[in-house]
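Visitor: You'll find protein24.cif just under this line, and it carries mmCIF, C-alpha atoms.
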```cif
data_model
#
loop_
_atom_site.label_atom_id
_atom_site.label_comp_id
_atom_site.auth_asym_id
_atom_site.auth_seq_id
_atom_site.Cartn_x
_atom_site.Cartn_y
_atom_site.Cartn_z
CA GLU A 213 -15.90 -62.97 35.28
CA THR A 214 -12.70 -60.95 35.62
CA GLY A 215 -10.25 -63.81 35.26
CA VAL A 216 -8.20 -62.66 38.26
CA THR A 217 -8.09 -65.34 40.93
CA GLN A 218 -6.70 -65.09 44.44
CA SER A 219 -5.89 -67.73 47.02
CA PRO A 220 -6.67 -68.49 49.71
CA THR A 221 -10.02 -66.75 50.17
CA HIS A 222 -9.69 -66.61 53.95
CA LEU A 223 -6.75 -66.96 56.29
CA ILE A 224 -6.11 -66.66 60.01
CA LYS A 225 -2.59 -66.01 61.28
CA THR A 226 -0.99 -65.23 64.60
CA ARG A 227 0.79 -61.95 65.31
CA GLY A 228 4.48 -62.20 64.39
CA GLN A 229 3.97 -64.89 61.75
CA GLN A 230 4.56 -64.55 58.03
CA VAL A 231 1.98 -64.95 55.27
CA THR A 232 2.01 -65.43 51.49
CA LEU A 233 -0.98 -64.54 49.34
CA ARG A 234 -1.25 -65.55 45.70
CA CYS A 235 -2.77 -64.00 42.60
CA SER A 236 -3.25 -65.30 39.09
CA SER A 237 -3.69 -62.40 36.69
CA GLN A 238 -6.00 -62.20 33.71
CA SER A 239 -4.67 -63.77 30.54
CA GLY A 240 -2.47 -61.37 28.58
CA HIS A 241 -1.98 -58.94 31.46
CA ASN A 242 1.64 -58.21 32.39
CA THR A 243 1.03 -55.82 35.28
CA VAL A 244 -0.23 -56.71 38.73
CA SER A 245 -0.86 -54.49 41.72
CA TRP A 246 -1.82 -55.23 45.30
CA TYR A 247 -4.13 -53.33 47.62
CA GLN A 248 -5.06 -53.51 51.30
CA GLN A 249 -8.64 -52.74 52.26
CA ALA A 250 -9.48 -52.27 55.94
CA LEU A 251 -13.09 -52.61 57.01
CA GLY A 252 -15.15 -49.60 55.95
CA GLN A 253 -12.31 -48.02 53.98
CA GLY A 254 -11.34 -47.83 50.34
CA PRO A 255 -8.48 -50.00 49.06
CA GLN A 256 -4.95 -48.67 49.66
CA PHE A 257 -2.24 -49.24 47.07
CA ILE A 258 0.65 -51.41 48.29
CA PHE A 259 2.79 -51.91 45.18
CA GLN A 260 2.79 -52.74 41.49
CA TYR A 261 4.84 -55.23 39.46
CA TYR A 262 5.52 -55.02 35.76
CA ARG A 263 7.45 -57.76 33.99
CA GLU A 264 8.71 -59.21 37.27
CA GLU A 265 9.98 -55.94 38.72
CA GLU A 266 8.42 -53.62 41.27
CA ASN A 267 7.82 -50.30 39.54
CA GLY A 268 5.56 -48.48 41.99
CA ARG A 269 4.96 -48.55 45.72
CA GLY A 270 2.54 -46.99 48.17
CA ASN A 271 3.13 -46.02 51.78
CA PHE A 272 3.75 -49.51 53.18
CA PRO A 273 6.77 -50.73 55.17
CA PRO A 274 9.40 -53.12 53.74
CA ARG A 275 7.88 -56.10 55.55
CA PHE A 276 5.32 -56.00 52.71
CA SER A 277 7.10 -57.53 49.74
CA GLY A 278 6.14 -59.22 46.53
CA LEU A 279 7.13 -61.28 43.55
CA GLN A 280 5.91 -61.58 40.00
CA PHE A 281 6.65 -64.70 38.01
CA PRO A 282 7.33 -65.16 34.28
CA ASN A 283 3.70 -66.19 33.74
CA TYR A 284 2.74 -62.86 35.41
CA SER A 285 1.19 -64.47 38.46
CA SER A 286 2.16 -62.79 41.70
CA GLU A 287 2.68 -63.20 45.42
CA LEU A 288 2.32 -60.79 48.31
CA ASN A 289 4.40 -61.60 51.37
CA VAL A 290 3.92 -59.97 54.74
CA ASN A 291 6.45 -60.59 57.51
CA ALA A 292 6.09 -60.02 61.25
CA LEU A 293 2.33 -59.76 61.09
CA GLU A 294 0.63 -57.14 63.23
CA LEU A 295 -2.99 -56.99 64.35
CA ASP A 296 -3.54 -53.97 62.07
CA ASP A 297 -2.64 -56.09 59.06
CA SER A 298 -6.06 -57.68 59.34
CA ALA A 299 -7.79 -56.65 56.12
CA LEU A 300 -9.00 -57.71 52.70
CA TYR A 301 -6.05 -57.99 50.30
CA LEU A 302 -6.89 -57.36 46.68
CA CYS A 303 -4.92 -58.11 43.57
CA ALA A 304 -5.55 -56.30 40.28
CA SER A 305 -4.16 -56.95 36.83
CA SER A 306 -3.98 -54.72 33.79
CA GLY A 307 -2.54 -54.77 30.31
CA GLY A 308 0.26 -52.27 30.99
CA PRO A 309 2.12 -50.45 33.75
CA LEU A 310 0.72 -47.03 33.20
CA MET A 311 -2.78 -47.77 34.48
CA ASN A 312 -4.53 -45.61 31.92
CA THR A 313 -6.81 -48.48 31.14
CA GLU A 314 -9.02 -50.58 33.30
CA ALA A 315 -7.76 -52.80 36.06
CA PHE A 316 -9.40 -56.11 36.84
CA PHE A 317 -9.64 -57.03 40.51
CA GLY A 318 -9.87 -60.41 42.14
CA GLN A 319 -12.28 -61.25 44.94
CA GLY A 320 -9.61 -60.78 47.55
CA THR A 321 -8.09 -62.69 50.45
CA ARG A 322 -9.51 -61.93 53.88
CA LEU A 323 -6.61 -62.02 56.37
CA THR A 324 -7.28 -62.06 60.09
CA VAL A 325 -4.36 -61.61 62.48
CA VAL A 326 -4.98 -62.71 66.06
CA ASP B 1396 -5.00 -38.01 50.24
CA ALA B 1397 -7.69 -39.29 47.92
CA LYS B 1398 -7.56 -36.08 45.83
CA THR B 1399 -11.30 -36.33 45.09
CA THR B 1400 -14.41 -35.47 47.10
CA GLN B 1401 -17.62 -37.46 46.93
CA PRO B 1402 -20.81 -37.53 49.01
CA ASN B 1403 -20.77 -40.32 51.59
CA SER B 1404 -24.07 -41.76 50.42
CA MET B 1405 -26.88 -41.30 47.93
CA GLU B 1406 -30.24 -42.91 47.50
CA SER B 1407 -32.21 -43.46 44.33
CA ASN B 1408 -35.19 -45.40 43.08
CA GLU B 1409 -35.02 -48.40 40.82
CA GLU B 1410 -35.36 -47.68 37.09
CA GLU B 1411 -34.53 -43.99 37.56
CA PRO B 1412 -31.32 -42.26 36.45
CA VAL B 1413 -28.61 -41.68 39.03
CA HIS B 1414 -26.07 -38.86 38.95
CA LEU B 1415 -23.04 -39.41 41.19
CA PRO B 1416 -20.93 -36.27 41.61
CA CYS B 1417 -17.20 -36.00 42.18
CA ASN B 1418 -15.06 -32.98 42.87
CA HIS B 1419 -11.40 -32.94 41.83
CA SER B 1420 -10.59 -29.26 41.95
CA THR B 1421 -6.78 -29.74 42.01
CA ILE B 1422 -6.66 -31.95 38.95
CA SER B 1423 -3.71 -31.53 36.59
CA GLY B 1424 -3.74 -31.68 32.83
CA THR B 1425 -2.50 -35.26 32.58
CA ASP B 1426 -4.80 -36.76 35.22
CA TYR B 1427 -7.47 -39.19 34.12
CA ILE B 1428 -10.76 -39.65 35.96
CA HIS B 1429 -11.56 -43.27 36.71
CA TRP B 1430 -14.68 -44.71 38.30
CA TYR B 1431 -14.83 -48.09 39.99
CA ARG B 1432 -17.58 -49.66 42.03
CA GLN B 1433 -17.49 -52.31 44.70
CA LEU B 1434 -20.43 -54.56 45.43
CA PRO B 1435 -20.65 -56.19 48.86
CA SER B 1436 -18.09 -58.97 49.37
CA GLN B 1437 -16.51 -58.36 45.95
CA GLY B 1438 -13.39 -56.73 44.58
CA PRO B 1439 -13.73 -53.35 42.84
CA GLU B 1440 -15.09 -53.37 39.31
CA TYR B 1441 -14.09 -50.90 36.58
CA VAL B 1442 -16.94 -48.69 35.40
CA ILE B 1443 -15.54 -45.99 33.12
CA HIS B 1444 -12.72 -43.50 32.71
CA GLY B 1445 -12.01 -40.31 30.76
CA LEU B 1446 -9.66 -37.38 30.33
CA THR B 1447 -11.50 -34.41 28.88
CA SER B 1448 -14.42 -35.46 26.76
CA ASN B 1449 -17.61 -37.09 27.96
CA VAL B 1450 -17.48 -40.87 27.69
CA ASN B 1451 -20.13 -43.54 27.28
CA ASN B 1452 -20.01 -47.30 27.62
CA ARG B 1453 -22.50 -50.06 28.23
CA MET B 1454 -22.46 -49.52 31.97
CA ALA B 1455 -22.57 -45.76 32.37
CA SER B 1456 -21.75 -42.28 31.09
CA LEU B 1457 -19.10 -39.95 32.42
CA ALA B 1458 -19.67 -36.21 32.13
CA ILE B 1459 -16.55 -34.13 32.76
CA ALA B 1460 -16.88 -30.40 33.42
CA GLU B 1461 -15.25 -28.07 30.96
CA ASP B 1462 -12.70 -26.91 33.59
CA ARG B 1463 -12.20 -30.57 34.62
CA LYS B 1464 -12.60 -29.72 38.29
CA SER B 1465 -15.61 -31.98 38.65
CA SER B 1466 -17.28 -34.91 36.97
CA THR B 1467 -20.51 -36.87 37.18
CA LEU B 1468 -21.06 -40.57 36.74
CA ILE B 1469 -24.46 -41.24 35.22
CA LEU B 1470 -26.29 -44.54 35.54
CA HIS B 1471 -29.10 -44.18 33.07
CA ARG B 1472 -31.52 -46.60 34.64
CA ALA B 1473 -30.58 -47.93 38.05
CA THR B 1474 -31.30 -51.50 39.07
CA LEU B 1475 -30.97 -53.15 42.46
CA ARG B 1476 -27.71 -54.69 41.24
CA ASP B 1477 -26.22 -51.19 40.98
CA ALA B 1478 -26.26 -50.82 44.77
CA ALA B 1479 -22.57 -50.51 45.61
CA VAL B 1480 -19.84 -48.15 46.77
CA TYR B 1481 -18.74 -45.97 43.85
CA TYR B 1482 -15.20 -44.61 43.81
CA CYS B 1483 -14.09 -41.60 41.79
CA ILE B 1484 -10.31 -41.73 41.30
CA ARG B 1485 -7.88 -39.22 39.88
CA LYS B 1486 -5.09 -41.08 38.12
CA LYS B 1487 -1.96 -39.50 36.75
CA GLY B 1488 -1.44 -40.45 33.14
CA GLY B 1489 1.74 -42.48 32.78
CA GLY B 1490 2.15 -43.12 36.48
CA ALA B 1491 2.84 -46.45 38.19
CA ASP B 1492 1.55 -45.32 41.54
CA GLY B 1493 -1.67 -47.31 41.55
CA LEU B 1494 -5.22 -46.15 42.12
CA THR B 1495 -5.88 -43.87 45.10
CA PHE B 1496 -9.27 -44.82 46.50
CA GLY B 1497 -11.14 -42.58 48.90
CA LYS B 1498 -14.18 -43.69 50.86
CA GLY B 1499 -16.48 -43.42 47.85
CA THR B 1500 -20.23 -42.93 47.65
CA HIS B 1501 -22.48 -45.63 49.02
CA LEU B 1502 -25.35 -45.85 46.52
CA ILE B 1503 -28.61 -47.23 47.86
CA ILE B 1504 -31.28 -48.28 45.38
CA GLN B 1505 -34.86 -48.45 46.59
CA PRO B 1506 -37.22 -50.88 44.82
#
```
Any chance you could give the structure as structure tokens?
Guide:
Amino acid sequence: ETGVTQSPTHLIKTRGQQVTLRCSSQSGHNTVSWYQQALGQGPQFIFQYYREEENGRGNFPPRFSGLQFPNYSSELNVNALELDDSALYLCASSGGPLMNTEAFFGQGTRLTVV
Amino acid sequence: DAKTTQPNSMESNEEEPVHLPCNHSTISGTDYIHWYRQLPSQGPEYVIHGLTSNVNNRMASLAIAEDRKSSTLILHRATLRDAAVYYCIRKKGGGADGLTFGKGTHLIIQP
């Protein structure tokens, strides 16, 4: 049991809509990162939040945005959904921003854009 | 650019040791080697990580070559529950740029 929970588990949206995915990090972890995993591929890093501020970002456009709250839970928002956004979205938490220790992943949210 | 090279798949028998290789020939001095695995329909799970010395934990051992250009994840006695995709990741020490996953090695365990 990793302690990282994500909601919802599955979601279907229409192209052009907006979506918000949620993540509750493991107790005591102040860093959360988000990943996108297309079918058959490894997860791709979207961004990382540490103490409510984004402190690292992968190669994703600005329509992918996020928030981290004082209790260290987090949201991933995606605007103007495209068909290629269909993927498994994973949240991971860790005890610090430098990622030299282990990260704990949630089970993911499966997003389908139609 | 995953920065590491792994075989696409490997097959092993239950209760035998498994050696999963990883090549990271362009590794720098501050890069850590992390291993994660992903079981079907699950998020990735941390296995082990190291910098220079060999590392052991309850799940596995990590053997890092002296020149650090390659490493091997060792599962001492494979079970059917070890069937998963194993990712070898090079992670810059002190960086906030996340984990760079490649396609990993799909490990198949035969009963």
Visitor: What's the 8 Å shell around region 1463-1474 of chain B, counting all atoms listed in the file, without same-chain residues fewer than 3 positions away, as a short mmCIF file (atom, residue, chain, number, x, y, z; two decimals) with C-alpha atoms, in the frame of the given file?
Guide:
```
data_model
loop_
_atom_site.label_atom_id
_atom_site.label_comp_id
_atom_site.auth_asym_id
_atom_site.auth_seq_id
_atom_site.Cartn_x
_atom_site.Cartn_y
_atom_site.Cartn_z
CA SER B 1407 -32.21 -43.46 44.33
CA ASN B 1408 -35.19 -45.40 43.08
CA GLU B 1409 -35.02 -48.40 40.82
CA GLU B 1410 -35.36 -47.68 37.09
CA GLU B 1411 -34.53 -43.99 37.56
CA PRO B 1412 -31.32 -42.26 36.45
CA VAL B 1413 -28.61 -41.68 39.03
CA HIS B 1414 -26.07 -38.86 38.95
CA LEU B 1415 -23.04 -39.41 41.19
CA PRO B 1416 -20.93 -36.27 41.61
CA CYS B 1417 -17.20 -36.00 42.18
CA ASN B 1418 -15.06 -32.98 42.87
CA HIS B 1419 -11.40 -32.94 41.83
CA SER B 1420 -10.59 -29.26 41.95
CA THR B 1421 -6.78 -29.74 42.01
CA ILE B 1422 -6.66 -31.95 38.95
CA TRP B 1430 -14.68 -44.71 38.30
CA THR B 1447 -11.50 -34.41 28.88
CA MET B 1454 -22.46 -49.52 31.97
CA ALA B 1455 -22.57 -45.76 32.37
CA SER B 1456 -21.75 -42.28 31.09
CA LEU B 1457 -19.10 -39.95 32.42
CA ALA B 1458 -19.67 -36.21 32.13
CA ILE B 1459 -16.55 -34.13 32.76
CA ALA B 1460 -16.88 -30.40 33.42
CA ASP B 1477 -26.22 -51.19 40.98
CA ALA B 1478 -26.26 -50.82 44.77
CA ILE B 1504 -31.28 -48.28 45.38
#
```
Visitor: Once the PyMOL selection byres ((chain B) within 7 of (chain A)) is applied to the coordinates I shared, what remains selected? I want it as a ChimeraX atom specification.
Guide: /B:1437-1441,1488-1498
Visitor: Mind checking which residues fall within 6 Å of region 283-292 of chain A, counting all atoms listed in the file, ignoring those fewer than 6 positions away in the same chain, and posting them as a list of chain:residue names?
Guide: A:Gly228, A:Gln229, A:Gln230, A:Val231, A:Thr232, A:Leu233, A:Arg234, A:Cys235, A:Ser236, A:Ser237, A:Asn242, A:Arg275, A:Phe276, A:Ser277
Visitor: Generate a file of the selected residues that holds C-alpha atoms, formatted as a short mmCIF file (atom, residue, chain, number, x, y, z; two decimals), keeping the file's coordinate frame.
Guide:
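Full text of again02.cif as output:
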```
data_model
loop_
_atom_site.label_atom_id
_atom_site.label_comp_id
_atom_site.auth_asym_id
_atom_site.auth_seq_id
_atom_site.Cartn_x
_atom_site.Cartn_y
_atom_site.Cartn_z
CA GLY A 228 4.48 -62.20 64.39
CA GLN A 229 3.97 -64.89 61.75
CA GLN A 230 4.56 -64.55 58.03
CA VAL A 231 1.98 -64.95 55.27
CA THR A 232 2.01 -65.43 51.49
CA LEU A 233 -0.98 -64.54 49.34
CA ARG A 234 -1.25 -65.55 45.70
CA CYS A 235 -2.77 -64.00 42.60
CA SER A 236 -3.25 -65.30 39.09
CA SER A 237 -3.69 -62.40 36.69
CA ASN A 242 1.64 -58.21 32.39
CA ARG A 275 7.88 -56.10 55.55
CA PHE A 276 5.32 -56.00 52.71
CA SER A 277 7.10 -57.53 49.74
#
```
Visitor: Emit as AutoDock Vina command-line options the padded axis-aligned box for all listed atoms of region 1468-1487 of chain B, 3 Å per side, with centre and edge lengths in Å to one decimal.
Guide:
```
--center_x -16.7 --center_y -47.0 --center_z 39.9 --size_x 35.6 --size_y 21.5 --size_z 19.7
```
Visitor: Written as a short mmCIF file (atom, residue, chain, number, x, y, z; two decimals) with C-alpha atoms, keeping the file's coordinate frame, which residues does the PyMOL selection byres ((chain B and resi 1483) around 6) give for the file shown?
Guide:
```
data_model
loop_
_atom_site.label_atom_id
_atom_site.label_comp_id
_atom_site.auth_asym_id
_atom_site.auth_seq_id
_atom_site.Cartn_x
_atom_site.Cartn_y
_atom_site.Cartn_z
CA HIS B 1429 -11.56 -43.27 36.71
CA TRP B 1430 -14.68 -44.71 38.30
CA TYR B 1482 -15.20 -44.61 43.81
CA ILE B 1484 -10.31 -41.73 41.30
#
```
Visitor: Record the distance separating CA of Asp1426 (chain B) and CA of Tyr1481 (chain B), expressed in Å with one decimal.
Guide: 18.8 Å
Visitor: Quick one: pull the distance between CA of Ala250 (chain A) and CA of Val326 (chain A), Å, one decimal.
Guide: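 Pair CA of Ala250 (chain A) / CA of Val326 (chain A) returns 15.2 Å.
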Visitor: Between CA of Leu1446 (chain B) and CA of Ser305 (chain A), measure the distance and give it in Å to one decimal.
Guide: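 So the two atoms, CA of Leu1446 (chain B) and CA of Ser305 (chain A), lie 21.3 Å apart.
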Visitor: Selection in question (the file shown): the PyMOL selection byres ((chain A and resi 296) around 10). Which residues does it include, as a compact mmCIF listing (two decimals) with C-alpha atoms, keeping the file's coordinate frame?
Guide:
```
# COMPACT_ATOMS: atom_id res chain seq x y z
CA ARG A 227 0.79 -61.95 65.31
CA ALA A 250 -9.48 -52.27 55.94
CA LEU A 293 2.33 -59.76 61.09
CA GLU A 294 0.63 -57.14 63.23
CA LEU A 295 -2.99 -56.99 64.35
CA ASP A 297 -2.64 -56.09 59.06
CA SER A 298 -6.06 -57.68 59.34
CA ALA A 299 -7.79 -56.65 56.12
CA THR A 324 -7.28 -62.06 60.09
CA VAL A 325 -4.36 -61.61 62.48
CA VAL A 326 -4.98 -62.71 66.06
```
